[in-house]
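This is my_file_0.cif (mmCIF, C-alpha atoms).
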```cif
data_work
#
loop_
_atom_site.group_PDB
_atom_site.id
_atom_site.type_symbol
_atom_site.label_atom_id
_atom_site.label_comp_id
_atom_site.auth_asym_id
_atom_site.auth_seq_id
_atom_site.Cartn_x
_atom_site.Cartn_y
_atom_site.Cartn_z
ATOM 1 C CA MET X 46 101.568 145.881 45.419
ATOM 2 C CA SER X 47 99.284 142.914 44.765
ATOM 3 C CA LEU X 48 95.571 143.197 44.053
ATOM 4 C CA ARG X 49 94.825 141.638 47.451
ATOM 5 C CA SER X 50 97.048 144.165 49.230
ATOM 6 C CA LYS X 51 95.518 147.126 47.390
ATOM 7 C CA ARG X 52 91.967 146.034 48.130
ATOM 8 C CA LEU X 53 92.669 145.189 51.751
ATOM 9 C CA THR X 54 94.318 148.599 52.189
ATOM 10 C CA TRP X 55 91.223 150.331 50.767
ATOM 11 C CA VAL X 56 88.935 148.254 52.981
ATOM 12 C CA ALA X 57 91.075 148.909 56.071
ATOM 13 C CA VAL X 58 90.964 152.673 55.457
ATOM 14 C CA LEU X 59 87.199 152.521 54.854
ATOM 15 C CA VAL X 60 86.581 150.487 58.012
ATOM 16 C CA VAL X 61 88.728 152.749 60.205
ATOM 17 C CA VAL X 62 87.166 155.985 58.868
ATOM 18 C CA ALA X 63 83.622 154.578 59.042
ATOM 19 C CA ILE X 64 84.088 153.355 62.626
ATOM 20 C CA ALA X 65 85.654 156.683 63.622
ATOM 21 C CA LEU X 66 82.639 158.606 62.242
ATOM 22 C CA ASP X 67 80.184 156.253 63.956
ATOM 23 C CA GLN X 68 81.981 156.404 67.298
ATOM 24 C CA ALA X 69 82.492 160.181 67.157
ATOM 25 C CA LEU X 70 78.744 160.756 66.765
ATOM 26 C CA LYS X 71 77.879 158.167 69.434
ATOM 27 C CA LEU X 72 80.311 159.680 71.933
ATOM 28 C CA TYR X 73 79.041 163.188 71.184
ATOM 29 C CA ILE X 74 75.429 162.109 71.730
ATOM 30 C CA ARG X 75 76.334 160.086 74.849
ATOM 31 C CA THR X 76 78.173 163.027 76.439
ATOM 32 C CA HIS X 77 75.960 165.959 75.310
ATOM 33 C CA PHE X 78 72.409 164.547 75.507
ATOM 34 C CA GLN X 79 70.330 163.184 78.346
ATOM 35 C CA LEU X 80 68.913 159.716 77.805
ATOM 36 C CA GLY X 81 65.623 160.175 75.940
ATOM 37 C CA GLU X 82 66.432 163.758 74.878
ATOM 38 C CA ALA X 83 65.556 164.717 71.309
ATOM 39 C CA ARG X 84 66.564 167.778 69.299
ATOM 40 C CA GLU X 85 65.013 168.666 65.973
ATOM 41 C CA VAL X 86 67.512 169.178 63.162
ATOM 42 C CA LEU X 87 64.953 169.352 60.336
ATOM 43 C CA PRO X 88 61.161 168.904 60.412
ATOM 44 C CA PHE X 89 61.611 165.267 59.399
ATOM 45 C CA PHE X 90 64.906 164.551 61.241
ATOM 46 C CA GLN X 91 65.800 164.511 64.924
ATOM 47 C CA LEU X 92 68.787 163.540 67.010
ATOM 48 C CA CYS X 93 67.322 161.455 69.810
ATOM 49 C CA PHE X 94 69.497 159.700 72.421
ATOM 50 C CA ILE X 95 68.361 156.191 73.258
ATOM 51 C CA GLU X 96 70.232 152.988 74.067
ATOM 52 C CA ASN X 97 69.257 149.464 73.144
ATOM 53 C CA ASP X 98 70.261 145.989 74.229
ATOM 54 C CA GLY X 99 68.933 144.283 71.137
ATOM 55 C CA MET X 100 69.604 144.287 67.460
ATOM 56 C CA ALA X 101 69.747 147.019 64.826
ATOM 57 C CA PHE X 102 66.954 149.616 64.917
ATOM 58 C CA GLY X 103 66.080 148.489 68.452
ATOM 59 C CA PHE X 104 64.688 145.165 67.252
ATOM 60 C CA GLY X 105 64.929 142.261 69.606
ATOM 61 C CA PRO X 106 63.858 141.825 73.199
ATOM 62 C CA ASN X 107 65.321 143.448 76.267
ATOM 63 C CA LEU X 108 68.091 141.004 76.976
ATOM 64 C CA GLN X 109 68.929 139.280 80.236
ATOM 65 C CA TRP X 110 72.512 138.661 81.375
ATOM 66 C CA PHE X 111 73.086 135.383 79.475
ATOM 67 C CA ASN X 112 71.378 136.535 76.282
ATOM 68 C CA LYS X 113 73.308 139.819 76.259
ATOM 69 C CA ILE X 114 76.718 138.149 76.508
ATOM 70 C CA PHE X 115 75.634 135.582 73.910
ATOM 71 C CA LEU X 116 74.547 138.336 71.490
ATOM 72 C CA THR X 117 77.796 140.264 71.991
ATOM 73 C CA LEU X 118 79.940 137.154 71.459
ATOM 74 C CA PHE X 119 77.812 136.180 68.462
ATOM 75 C CA ARG X 120 78.439 139.613 66.908
ATOM 76 C CA ILE X 121 82.174 139.206 67.457
ATOM 77 C CA VAL X 122 82.229 135.733 65.880
ATOM 78 C CA VAL X 123 80.164 136.851 62.869
ATOM 79 C CA SER X 124 82.397 139.903 62.374
ATOM 80 C CA GLY X 125 85.467 137.697 62.562
ATOM 81 C CA GLY X 126 83.923 135.447 59.910
ATOM 82 C CA LEU X 127 83.179 138.459 57.732
ATOM 83 C CA GLY X 128 86.769 139.677 58.130
ATOM 84 C CA TRP X 129 88.047 136.218 57.152
ATOM 85 C CA TYR X 130 85.683 136.233 54.146
ATOM 86 C CA LEU X 131 87.089 139.614 53.046
ATOM 87 C CA TRP X 132 90.625 138.309 53.389
ATOM 88 C CA ARG X 133 89.767 135.284 51.237
ATOM 89 C CA ILE X 134 88.036 137.173 48.423
ATOM 90 C CA ALA X 135 90.248 140.283 48.257
ATOM 91 C CA GLY X 136 92.670 138.727 45.769
ATOM 92 C CA ASN X 137 90.017 137.408 43.373
ATOM 93 C CA ALA X 138 90.395 139.476 40.173
ATOM 94 C CA GLN X 139 86.946 138.352 38.940
ATOM 95 C CA LEU X 140 85.253 140.234 41.770
ATOM 96 C CA ARG X 141 84.635 143.955 41.463
ATOM 97 C CA THR X 142 86.442 146.160 43.965
ATOM 98 C CA SER X 143 83.110 147.804 44.777
ATOM 99 C CA TYR X 144 81.890 144.424 46.060
ATOM 100 C CA ILE X 145 84.894 144.123 48.380
ATOM 101 C CA ILE X 146 84.326 147.681 49.648
ATOM 102 C CA THR X 147 80.603 147.048 50.213
ATOM 103 C CA VAL X 148 81.374 143.974 52.312
ATOM 104 C CA GLY X 149 83.873 146.160 54.191
ATOM 105 C CA LEU X 150 81.108 148.672 54.900
ATOM 106 C CA VAL X 151 78.989 145.939 56.498
ATOM 107 C CA LEU X 152 82.006 144.898 58.564
ATOM 108 C CA ALA X 153 82.528 148.509 59.713
ATOM 109 C CA GLY X 154 78.925 148.694 60.885
ATOM 110 C CA ALA X 155 79.243 145.451 62.799
ATOM 111 C CA PHE X 156 82.434 146.608 64.517
ATOM 112 C CA GLY X 157 80.867 149.984 65.362
ATOM 113 C CA ASN X 158 78.097 148.304 67.340
ATOM 114 C CA ILE X 159 80.471 145.762 68.878
ATOM 115 C CA ILE X 160 82.519 148.610 70.354
ATOM 116 C CA ASP X 161 79.399 149.867 72.155
ATOM 117 C CA CYS X 162 78.565 146.411 73.507
ATOM 118 C CA VAL X 163 82.071 145.562 74.657
ATOM 119 C CA PHE X 164 83.286 148.888 76.060
ATOM 120 C CA TYR X 165 80.463 151.354 76.789
ATOM 121 C CA GLY X 166 79.131 149.640 79.912
ATOM 122 C CA LYS X 167 82.527 149.882 81.590
ATOM 123 C CA LEU X 168 83.529 153.213 80.028
ATOM 124 C CA PHE X 169 80.359 154.980 81.200
ATOM 125 C CA GLY X 170 80.112 153.113 84.492
ATOM 126 C CA TYR X 171 76.699 151.485 84.192
ATOM 127 C CA GLU X 172 77.773 147.871 83.580
ATOM 128 C CA THR X 173 80.826 145.666 83.096
ATOM 129 C CA TRP X 174 82.745 144.635 79.955
ATOM 130 C CA PHE X 175 80.631 143.050 77.170
ATOM 131 C CA TYR X 176 77.330 144.310 78.628
ATOM 132 C CA GLY X 177 77.198 147.802 77.142
ATOM 133 C CA ARG X 178 74.182 149.134 75.310
ATOM 134 C CA VAL X 179 74.268 150.398 71.730
ATOM 135 C CA VAL X 180 73.787 154.154 71.358
ATOM 136 C CA ASP X 181 71.130 155.120 68.807
ATOM 137 C CA MET X 182 70.366 158.671 67.753
ATOM 138 C CA LEU X 183 69.054 159.068 64.198
ATOM 139 C CA TYR X 184 65.283 159.500 64.040
ATOM 140 C CA PHE X 185 63.317 160.275 60.880
ATOM 141 C CA PRO X 186 59.614 160.644 61.759
ATOM 142 C CA LEU X 187 58.634 161.346 58.172
ATOM 143 C CA TRP X 188 54.913 161.576 58.916
ATOM 144 C CA THR X 189 52.210 160.359 61.266
ATOM 145 C CA TRP X 190 49.262 158.440 59.922
ATOM 146 C CA PRO X 191 46.065 160.474 60.366
ATOM 147 C CA ASP X 192 43.780 159.562 63.273
ATOM 148 C CA TRP X 193 40.842 158.931 60.922
ATOM 149 C CA LEU X 194 42.640 155.761 59.817
ATOM 150 C CA PRO X 195 41.820 153.730 62.935
ATOM 151 C CA TRP X 196 44.074 150.814 62.050
ATOM 152 C CA LEU X 197 47.022 153.231 61.593
ATOM 153 C CA GLY X 198 46.032 156.065 63.945
ATOM 154 C CA GLY X 199 48.894 157.819 65.669
ATOM 155 C CA ARG X 200 51.564 155.579 64.202
ATOM 156 C CA VAL X 201 54.719 157.246 62.941
ATOM 157 C CA PHE X 202 55.956 156.202 59.524
ATOM 158 C CA PHE X 203 59.582 155.073 59.905
ATOM 159 C CA GLY X 204 59.682 155.238 63.691
ATOM 160 C CA PRO X 205 62.894 153.344 64.559
ATOM 161 C CA VAL X 206 65.791 155.256 66.088
ATOM 162 C CA PHE X 207 69.097 153.932 64.744
ATOM 163 C CA ASN X 208 72.777 154.806 64.475
ATOM 164 C CA VAL X 209 75.369 155.280 61.762
ATOM 165 C CA ALA X 210 76.684 151.707 62.139
ATOM 166 C CA ASP X 211 73.151 150.370 61.551
ATOM 167 C CA SER X 212 73.078 152.476 58.371
ATOM 168 C CA TYR X 213 76.339 150.960 57.150
ATOM 169 C CA ILE X 214 74.979 147.456 57.678
ATOM 170 C CA THR X 215 71.573 148.162 56.140
ATOM 171 C CA CYS X 216 72.863 150.075 53.104
ATOM 172 C CA GLY X 217 75.628 147.519 52.578
ATOM 173 C CA VAL X 218 73.269 144.540 52.691
ATOM 174 C CA ILE X 219 70.758 146.249 50.374
ATOM 175 C CA ALA X 220 73.564 147.087 47.925
ATOM 176 C CA LEU X 221 74.819 143.496 48.060
ATOM 177 C CA LEU X 222 71.339 142.143 47.295
ATOM 178 C CA LEU X 223 70.619 144.641 44.505
ATOM 179 C CA PHE X 224 73.959 145.001 42.746
ATOM 180 C CA PHE X 225 76.248 142.118 43.655
ATOM 181 C CA ARG X 226 74.260 138.901 43.174
ATOM 182 C CA LYS X 227 76.807 137.536 40.729
ATOM 183 C CA GLU X 228 79.699 138.101 43.129
ATOM 184 C CA MET X 229 77.814 136.571 46.051
ATOM 185 C CA ASP X 230 76.854 133.522 43.985
ATOM 186 C CA GLU X 231 80.451 133.091 42.891
ATOM 187 C CA THR X 232 82.003 133.441 46.324
ATOM 188 C CA PHE X 233 79.430 131.283 48.077
ATOM 189 C CA ARG X 234 80.319 128.503 45.643
ATOM 190 C CA LEU X 235 83.814 128.846 47.123
ATOM 191 C CA LYS X 236 85.332 130.123 43.873
ATOM 192 C CA VAL X 237 87.631 132.404 45.785
ATOM 193 C CA ASP X 238 91.306 133.121 45.514
ATOM 194 C CA SER X 239 93.049 131.665 48.533
#
```
Do you think you could lay out the structure here as structure tokens?
Amino acid sequence: MSLRSKRLTWVAVLVVVAIALDQALKLYIRTHFQLGEAREVLPFFQLCFIENDGMAFGFGPNLQWFNKIFLTLFRIVVSGGLGWYLWRIAGNAQLRTSYIITVGLVLAGAFGNIIDCVFYGKLFGYETWFYGRVVDMLYFPLWTWPDWLPWLGGRVFFGPVFNVADSYITCGVIALLLFFRKEMDETFRLKVDS
């Protein structure tokens, strides 16, 4: 088995398992929680069912019809480009396998959220294909700023609600920036094995 085949097999397994975990939790939350319901797991961690039309961590505006389809199609195109990039670099022996797997993790996160956008609207009967909302559920209100700090009063530190796919993307991108600068520099100069 060639290096490319081995790496692509590892990435394929990673992507499938990561998407399955993401979707399993999203479907559980979607079918066992009411929209807006929160349940405390630990004092600093809650499962909280929300949906968002925008980007990761709920960033981005509430999207209108055209913008929503554009965002969904944009995600698909970018994920396709990332998949092509993985295919191109998988056979390059100068690149660490951990780099290939980290890029695969980002791809898994992107696909996890694409599934929500493409299928959930139709599957759960609130919209048509490509107009679904992304299910978010992980909430870590680590602490609230004290009221005596008027410029921070009542604000929760780390308030976004996010999902597992968002975590894959965020952790993957942070790892790429911290640990894989050399590999990114090399591949972006098109020194890849075709």
Name the residues in contact with Phe78 in chain X at a cut-off of 9 Å, using all atoms listed in the file, excluding same-chain residues fewer than 4 positions from it; report them as an MDAnalysis selection string.
-> chainID X and resid 73:74 82:83 93:94
Could I get the residues of range 49-167 of chain X with an atom no further than 7 Å from an atom of range 215-234 of chain X, each paired with its nearest atom pair and that distance in Å to one decimal, using all atoms listed in the file, sorted by chain and residue number, as a Markdown table?
```
| residue | atom | partner | partner_atom | distance |
| --- | --- | --- | --- | --- |
| X:Leu140 | CA | X:Glu228 | CA | 6.1 |
| X:Tyr144 | CA | X:Phe225 | CA | 6.6 |
| X:Thr147 | CA | X:Gly217 | CA | 5.5 |
| X:Val148 | CA | X:Gly217 | CA | 6.8 |
| X:Leu150 | CA | X:Gly217 | CA | 6.1 |
| X:Val151 | CA | X:Gly217 | CA | 5.4 |
```
Could you dump the residues just selected with C-alpha atoms as a short mmCIF file (atom, residue, chain, number, x, y, z; two decimals), in the coordinates of the input?
```cif
data_model
loop_
_atom_site.label_atom_id
_atom_site.label_comp_id
_atom_site.auth_asym_id
_atom_site.auth_seq_id
_atom_site.Cartn_x
_atom_site.Cartn_y
_atom_site.Cartn_z
CA LEU X 140 85.25 140.23 41.77
CA TYR X 144 81.89 144.42 46.06
CA THR X 147 80.60 147.05 50.21
CA VAL X 148 81.37 143.97 52.31
CA LEU X 150 81.11 148.67 54.90
CA VAL X 151 78.99 145.94 56.50
#
```
Result set, the PyMOL selection byres ((chain X and resi 189) around 6) on current file, as number ranges by chain = X: 188, 190, 200-202
Counting all atoms listed in the file, figure out which residue out of X:Phe203, X:Trp174, X:Tyr130, X:Phe156 gets nearest to Val60 in chain X.
-> X:Phe156
Record the distance separating CA of Asn208 in chain X and CA of Phe169 in chain X, expressed in Å with one decimal.
->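 Value for the CA of Asn208 in chain X-CA of Phe169 in chain X distance: 18.4 Å.
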The PyMOL selection byres ((chain X and resi 206) around 9) applied to the shown file, residues as a ChimeraX atom specification = /X:92-95,102-103,181-185,203-205,207-208
Using all atoms listed in the file, pick whichever of X:Met46, X:Tyr176, X:Leu187, X:Leu72 has the shortest atom-to-atom distance to Asn112 in chain X.
->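 Using all atoms listed in the file, the shortest distance to Asn112 in chain X belongs to X:Tyr176.
CA of Phe89 in chain X to CA of Pro186 in chain X spans 5.6 Å [interatomic distance, one decimal].
The interatomic distance for the pair CA of Leu70 in chain X and CA of Lys113 in chain X works out to 23.6 Å.
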Using the file's own x, y and z axes, what box holds all listed atoms of range 224-231 of chain X with 3 Å on each side, keeping edges along x, y and z, and what are its centre and edge lengths in Å to one decimal, as lines of an AutoDock Vina configuration file?
```
center_x = 77.2
center_y = 139.0
center_z = 43.4
size_x = 12.5
size_y = 17.9
size_z = 11.3
```
Name the residues captured by the PyMOL selection byres ((chain X and resi 57) around 12) when it is applied to the shown file; answer as a short mmCIF file (atom, residue, chain, number, x, y, z; two decimals) with C-alpha atoms, keeping the file's coordinate frame.
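Contents of the output file out-v4.cif:
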```cif
data_model
loop_
_atom_site.label_atom_id
_atom_site.label_comp_id
_atom_site.auth_asym_id
_atom_site.auth_seq_id
_atom_site.Cartn_x
_atom_site.Cartn_y
_atom_site.Cartn_z
CA ARG X 49 94.82 141.64 47.45
CA SER X 50 97.05 144.16 49.23
CA LYS X 51 95.52 147.13 47.39
CA ARG X 52 91.97 146.03 48.13
CA LEU X 53 92.67 145.19 51.75
CA THR X 54 94.32 148.60 52.19
CA TRP X 55 91.22 150.33 50.77
CA VAL X 56 88.94 148.25 52.98
CA VAL X 58 90.96 152.67 55.46
CA LEU X 59 87.20 152.52 54.85
CA VAL X 60 86.58 150.49 58.01
CA VAL X 61 88.73 152.75 60.20
CA VAL X 62 87.17 155.99 58.87
CA ALA X 63 83.62 154.58 59.04
CA ILE X 64 84.09 153.35 62.63
CA GLY X 128 86.77 139.68 58.13
CA LEU X 131 87.09 139.61 53.05
CA TRP X 132 90.62 138.31 53.39
CA ALA X 135 90.25 140.28 48.26
CA ILE X 145 84.89 144.12 48.38
CA ILE X 146 84.33 147.68 49.65
CA VAL X 148 81.37 143.97 52.31
CA GLY X 149 83.87 146.16 54.19
CA LEU X 150 81.11 148.67 54.90
CA LEU X 152 82.01 144.90 58.56
CA ALA X 153 82.53 148.51 59.71
#
```
For Ile160 in chain X, which residue among X:Val209, X:Ile121, X:Leu127, X:Ile114 is the nearest when counting only C-alpha atoms?
-> X:Ile121
Using only C-alpha atoms, pick whichever of X:Ser47, X:Asn97, X:Ser124, X:Gln91 has the shortest atom-to-atom distance to Cys162 in chain X.
->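 Of the candidates, the smallest distance to Cys162 in chain X is held by X:Asn97.
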Which one is closest to Ala210 in chain X: X:Ala155, X:Leu48, X:Val179, X:Leu168? Count all atoms listed in the file.
->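 Once distances to Ala210 in chain X are computed over all atoms listed in the file, the minimum belongs to X:Ala155.
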